[in-house]
>>> print(open('upload38.cif').read())   # mmCIF, C-alpha atoms
data_input
#
loop_
_atom_site.group_PDB
_atom_site.id
_atom_site.type_symbol
_atom_site.label_atom_id
_atom_site.label_comp_id
_atom_site.auth_asym_id
_atom_site.auth_seq_id
_atom_site.Cartn_x
_atom_site.Cartn_y
_atom_site.Cartn_z
ATOM 1 C CA MET A 1 13.050 18.656 -5.336
ATOM 2 C CA GLY A 2 9.289 18.227 -4.904
ATOM 3 C CA VAL A 3 7.129 15.189 -4.702
ATOM 4 C CA GLN A 4 7.253 13.006 -7.798
ATOM 5 C CA ILE A 5 4.097 11.131 -8.656
ATOM 6 C CA PRO A 6 4.485 8.798 -11.646
ATOM 7 C CA LEU A 7 2.966 9.992 -14.874
ATOM 8 C CA GLY A 8 0.207 7.385 -14.949
ATOM 9 C CA ALA A 9 -0.899 8.095 -11.372
ATOM 10 C CA LEU A 10 -4.451 9.151 -10.730
ATOM 11 C CA LEU A 11 -4.286 12.488 -8.973
ATOM 12 C CA PHE A 12 -7.973 13.039 -8.316
ATOM 13 C CA TRP A 13 -11.036 10.971 -7.768
ATOM 14 C CA GLY A 14 -14.551 11.935 -6.899
ATOM 15 C CA PRO A 15 -18.024 10.612 -6.214
ATOM 16 C CA GLY A 16 -18.449 7.121 -7.584
ATOM 17 C CA MET A 17 -14.733 6.394 -7.293
ATOM 18 C CA ASP A 18 -14.756 3.643 -4.699
ATOM 19 C CA ASP A 19 -12.275 1.314 -3.022
ATOM 20 C CA GLU A 20 -11.985 -0.825 -6.160
ATOM 21 C CA PHE A 21 -11.125 2.211 -8.276
ATOM 22 C CA LEU A 22 -8.386 3.237 -5.855
ATOM 23 C CA MET A 23 -7.091 -0.326 -5.510
ATOM 24 C CA ARG A 24 -6.636 -0.276 -9.294
ATOM 25 C CA ALA A 25 -4.297 2.707 -8.810
ATOM 26 C CA ALA A 26 -2.343 0.630 -6.274
ATOM 27 C CA LEU A 27 -2.285 -2.241 -8.780
ATOM 28 C CA GLU A 28 -0.720 0.090 -11.372
ATOM 29 C CA GLU A 29 2.053 0.766 -8.861
ATOM 30 C CA ALA A 30 2.415 -2.989 -8.261
ATOM 31 C CA ARG A 31 2.821 -3.519 -12.001
ATOM 32 C CA LEU A 32 5.672 -0.985 -11.988
ATOM 33 C CA ALA A 33 7.354 -3.066 -9.277
ATOM 34 C CA LEU A 34 6.856 -6.242 -11.332
ATOM 35 C CA ALA A 35 8.421 -4.578 -14.384
ATOM 36 C CA GLU A 36 11.428 -3.626 -12.235
ATOM 37 C CA GLY A 37 11.863 -7.177 -10.912
ATOM 38 C CA GLU A 38 10.578 -6.242 -7.463
ATOM 39 C CA VAL A 39 7.919 -8.064 -5.451
ATOM 40 C CA PRO A 40 4.762 -6.603 -7.034
ATOM 41 C CA ILE A 41 3.183 -4.653 -4.215
ATOM 42 C CA GLY A 42 1.797 -1.181 -4.797
ATOM 43 C CA SER A 43 0.253 1.420 -2.557
ATOM 44 C CA VAL A 44 -1.495 4.794 -2.725
ATOM 45 C CA VAL A 45 -2.526 7.243 -0.005
ATOM 46 C CA VAL A 46 -5.737 9.199 -0.483
ATOM 47 C CA LEU A 47 -6.830 12.317 1.392
ATOM 48 C CA LYS A 48 -9.853 14.470 0.596
ATOM 49 C CA ASP A 49 -10.586 12.848 -2.769
ATOM 50 C CA ARG A 50 -6.981 13.128 -3.940
ATOM 51 C CA ILE A 51 -4.080 10.710 -4.226
ATOM 52 C CA ILE A 52 -1.308 12.408 -2.274
ATOM 53 C CA GLY A 53 1.244 9.620 -2.317
ATOM 54 C CA CYS A 54 2.031 6.447 -4.185
ATOM 55 C CA GLY A 55 4.755 3.863 -4.147
ATOM 56 C CA HIS A 56 5.774 0.391 -5.124
ATOM 57 C CA ASN A 57 8.334 -1.988 -3.684
ATOM 58 C CA ARG A 58 11.869 -0.818 -4.406
ATOM 59 C CA LYS A 59 13.943 -2.820 -1.910
ATOM 60 C CA GLU A 60 16.181 -4.302 -4.600
ATOM 61 C CA SER A 61 16.683 -1.177 -6.706
ATOM 62 C CA LEU A 62 17.378 1.066 -3.694
ATOM 63 C CA ASN A 63 19.210 -1.566 -1.616
ATOM 64 C CA ASP A 64 16.937 -0.489 1.217
ATOM 65 C CA PRO A 65 15.068 -3.005 3.375
ATOM 66 C CA THR A 66 12.548 -0.310 4.325
ATOM 67 C CA ALA A 67 11.634 0.592 0.722
ATOM 68 C CA HIS A 68 8.250 -1.107 0.881
ATOM 69 C CA ALA A 69 5.374 0.263 -1.209
ATOM 70 C CA GLU A 70 3.481 1.447 1.873
ATOM 71 C CA ILE A 71 6.463 3.249 3.406
ATOM 72 C CA LEU A 72 7.286 5.032 0.141
ATOM 73 C CA ALA A 73 3.645 6.073 -0.348
ATOM 74 C CA ILE A 74 3.438 7.366 3.240
ATOM 75 C CA ARG A 75 6.688 9.333 2.824
ATOM 76 C CA GLN A 76 5.428 10.919 -0.376
ATOM 77 C CA ALA A 77 2.032 11.709 1.156
ATOM 78 C CA ALA A 78 3.622 13.368 4.200
ATOM 79 C CA GLU A 79 5.893 15.430 1.966
ATOM 80 C CA SER A 80 3.011 16.452 -0.274
ATOM 81 C CA ILE A 81 0.937 17.865 2.612
ATOM 82 C CA GLY A 82 3.899 19.076 4.690
ATOM 83 C CA SER A 83 3.049 16.991 7.749
ATOM 84 C CA TRP A 84 3.752 13.503 9.020
ATOM 85 C CA ARG A 85 0.228 13.385 10.459
ATOM 86 C CA LEU A 86 -1.989 11.847 7.790
ATOM 87 C CA CYS A 87 -5.214 12.096 9.783
ATOM 88 C CA GLY A 88 -8.252 11.478 7.606
ATOM 89 C CA ALA A 89 -6.242 9.588 4.981
ATOM 90 C CA THR A 90 -6.665 6.061 3.632
ATOM 91 C CA LEU A 91 -3.831 3.812 2.498
ATOM 92 C CA TYR A 92 -4.536 1.277 -0.261
ATOM 93 C CA ALA A 93 -2.099 -1.640 -0.586
ATOM 94 C CA THR A 94 -2.291 -4.599 -2.931
ATOM 95 C CA ALA A 95 -1.130 -7.017 -0.214
ATOM 96 C CA GLU A 96 -1.475 -7.239 3.542
ATOM 97 C CA PRO A 97 1.187 -4.962 5.090
ATOM 98 C CA CYS A 98 4.022 -6.336 7.215
ATOM 99 C CA THR A 99 4.736 -5.409 10.838
ATOM 100 C CA MET A 100 6.995 -2.494 9.850
ATOM 101 C CA CYS A 101 4.369 -1.040 7.522
ATOM 102 C CA VAL A 102 1.536 -1.500 10.028
ATOM 103 C CA GLY A 103 3.669 0.426 12.529
ATOM 104 C CA ALA A 104 4.253 3.226 10.019
ATOM 105 C CA ILE A 105 0.536 3.367 9.183
ATOM 106 C CA ILE A 106 -0.320 3.745 12.869
ATOM 107 C CA HIS A 107 2.435 6.308 13.534
ATOM 108 C CA ALA A 108 1.310 8.364 10.514
ATOM 109 C CA ARG A 109 -2.196 8.462 12.051
ATOM 110 C CA LEU A 110 -3.923 7.118 8.931
ATOM 111 C CA ASP A 111 -7.640 6.557 9.527
ATOM 112 C CA ARG A 112 -8.142 3.633 7.215
ATOM 113 C CA LEU A 113 -6.280 0.765 5.548
ATOM 114 C CA VAL A 114 -7.667 -1.090 2.531
ATOM 115 C CA PHE A 115 -5.738 -4.024 1.115
ATOM 116 C CA GLY A 116 -6.176 -6.647 -1.552
ATOM 117 C CA CYS A 117 -4.802 -10.071 -0.672
ATOM 118 C CA ARG A 118 -3.553 -11.698 2.488
ATOM 119 C CA GLU A 119 0.196 -12.223 2.807
ATOM 120 C CA PRO A 120 0.656 -15.504 4.696
ATOM 121 C CA LYS A 121 4.387 -15.172 5.388
ATOM 122 C CA PHE A 122 4.876 -11.534 6.324
ATOM 123 C CA GLY A 123 1.391 -10.031 6.632
ATOM 124 C CA ALA A 124 0.808 -8.572 10.081
ATOM 125 C CA VAL A 125 -2.593 -6.912 9.953
ATOM 126 C CA PHE A 126 -4.620 -9.878 11.159
ATOM 127 C CA ARG A 127 -2.225 -10.368 14.068
ATOM 128 C CA PHE A 128 -3.407 -7.040 15.458
ATOM 129 C CA VAL A 129 -6.898 -6.382 14.050
ATOM 130 C CA GLN A 130 -10.012 -7.192 16.018
ATOM 131 C CA ASP A 131 -13.544 -6.515 14.799
ATOM 132 C CA GLY A 132 -12.330 -4.690 11.687
ATOM 133 C CA SER A 133 -10.136 -2.153 13.448
ATOM 134 C CA LEU A 134 -6.797 -1.830 15.159
ATOM 135 C CA ARG A 135 -6.580 0.253 18.315
ATOM 136 C CA ASP A 136 -3.255 1.633 19.498
ATOM 137 C CA GLY A 137 -3.383 4.067 22.384
ATOM 138 C CA ASN A 138 -5.973 6.635 21.421
ATOM 139 C CA HIS A 139 -5.722 5.973 17.666
ATOM 140 C CA GLU A 140 -8.013 3.643 15.758
ATOM 141 C CA LEU A 141 -7.294 2.279 12.284
ATOM 142 C CA VAL A 142 -10.258 0.876 10.352
ATOM 143 C CA VAL A 143 -9.271 -2.045 8.129
ATOM 144 C CA LYS A 144 -10.912 -3.512 5.032
ATOM 145 C CA SER A 145 -9.428 -6.507 3.231
ATOM 146 C CA GLY A 146 -10.163 -8.480 0.081
ATOM 147 C CA VAL A 147 -10.608 -5.599 -2.384
ATOM 148 C CA LEU A 148 -9.742 -6.974 -5.858
ATOM 149 C CA GLU A 149 -8.200 -9.884 -3.987
ATOM 150 C CA ASP A 150 -7.915 -12.232 -6.976
ATOM 151 C CA GLU A 151 -6.178 -9.636 -9.145
ATOM 152 C CA CYS A 152 -3.764 -8.669 -6.354
ATOM 153 C CA ALA A 153 -2.962 -12.307 -5.526
ATOM 154 C CA GLY A 154 -2.571 -13.133 -9.225
ATOM 155 C CA LEU A 155 0.172 -10.553 -9.598
ATOM 156 C CA MET A 156 2.042 -12.101 -6.658
ATOM 157 C CA ARG A 157 1.630 -15.612 -8.094
ATOM 158 C CA GLU A 158 2.922 -14.387 -11.468
ATOM 159 C CA PHE A 159 6.033 -12.927 -9.853
ATOM 160 C CA PHE A 160 6.883 -15.975 -7.741
ATOM 161 C CA ALA A 161 6.148 -18.415 -10.591
ATOM 162 C CA GLY A 162 8.672 -16.455 -12.664
ATOM 163 C CA LEU A 163 11.297 -16.932 -9.968
ATOM 164 C CA ARG A 164 10.740 -20.694 -9.895
ATOM 165 C CA SER A 165 10.621 -21.279 -13.652
ATOM 166 C CA PRO A 166 13.816 -22.360 -15.414
ATOM 167 C CA ARG A 167 15.563 -19.594 -17.298
ATOM 168 C CA SER A 168 16.496 -20.055 -20.940
#
>>> encode(input="upload38.cif", output="structure tokens")
Amino acid sequence: MGVQIPLGALLFWGPGMDDEFLMRAALEEARLALAEGEVPIGSVVVLKDRIIGCGHNRKESLNDPTAHAEILAIRQAAESIGSWRLCGATLYATAEPCTMCVGAIIHARLDRLVFGCREPKFGAVFRFVQDGSLRDGNHELVVKSGVLEDECAGLMREFFAGLRSPRS
């Protein structure tokens, strides 16, 4: 069984396709999570102008506490290139990754992380980032935050408001 990238996924991008364009691909993944009743976080991994992995939260549907959007996108990206080393790749996530996901991003040797909104409860990036990058041993991860922040945060607010509203 090969890598499965959802039908709506953007497989290629080129000149003029910037961080906002790729964050929109991550937002499409987040919307899939929302439709499945999962916390709406989506992620894509890009290498050499190509999306090589994508994922959205699936903790509930898979009964797996590690089934975060970032982890699933990293797994798919590694499978698609046949290596766990994702040097040169960028991970886009709609929300600030947690400690587990930051660890996976570092271990996968991703060069860059771009995320949408801060995650005040579980977000771990700003615990480790200094001057826009995170250094671990001889690896450096460049971090950019706030890309389509309002749209990413709005999706999270929509989900949690739905949990708090009375059901008919």
>>> resolve_selection(input="upload38.cif", expression="the PyMOL selection byres ((chain A and resi 128) around 12)", output="PyMOL selection string")
chain A and resi 97-99+102-103+106+123-127+129-136+140-143
>>> resolve_selection(input="upload38.cif", expression="the PyMOL selection byres ((chain A and resi 77-91) around 6)", output="ChimeraX atom specification")
/A:44-47,52-53,74-76,92,108-113
>>> closest_residue(input="upload38.cif", among="A:Ala26, A:Ala95, A:Phe21, A:Leu34", to="Ser61 in chain A", atoms="all atoms listed in the file")
A:Leu34
>>> resolve_selection(input="upload38.cif", expression="the PyMOL selection byres ((chain A and resi 41) around 10)", output="NGL selection string")
:A and (26-34 or 38-40 or 42-43 or 55-58 or 68-70 or 93-97 or 116 or 152-153 or 155-156)
>>> atom_distance(input="upload38.cif", atom1="CA of Val114 in chain A", atom2="CA of Ser145 in chain A")
5.7 Å
>>> closest_residue(input="upload38.cif", among="A:Ala104, A:Ala25, A:Leu72, A:Leu148", to="Lys59 in chain A", atoms="only C-alpha atoms")
A:Leu72
>>> atom_distance(input="upload38.cif", atom1="CA of Asp49 in chain A", atom2="CA of Glu119 in chain A")
27.9 Å
>>> atom_distance(input="upload38.cif", atom1="CA of Met23 in chain A", atom2="CA of Glu149 in chain A")
9.7 Å
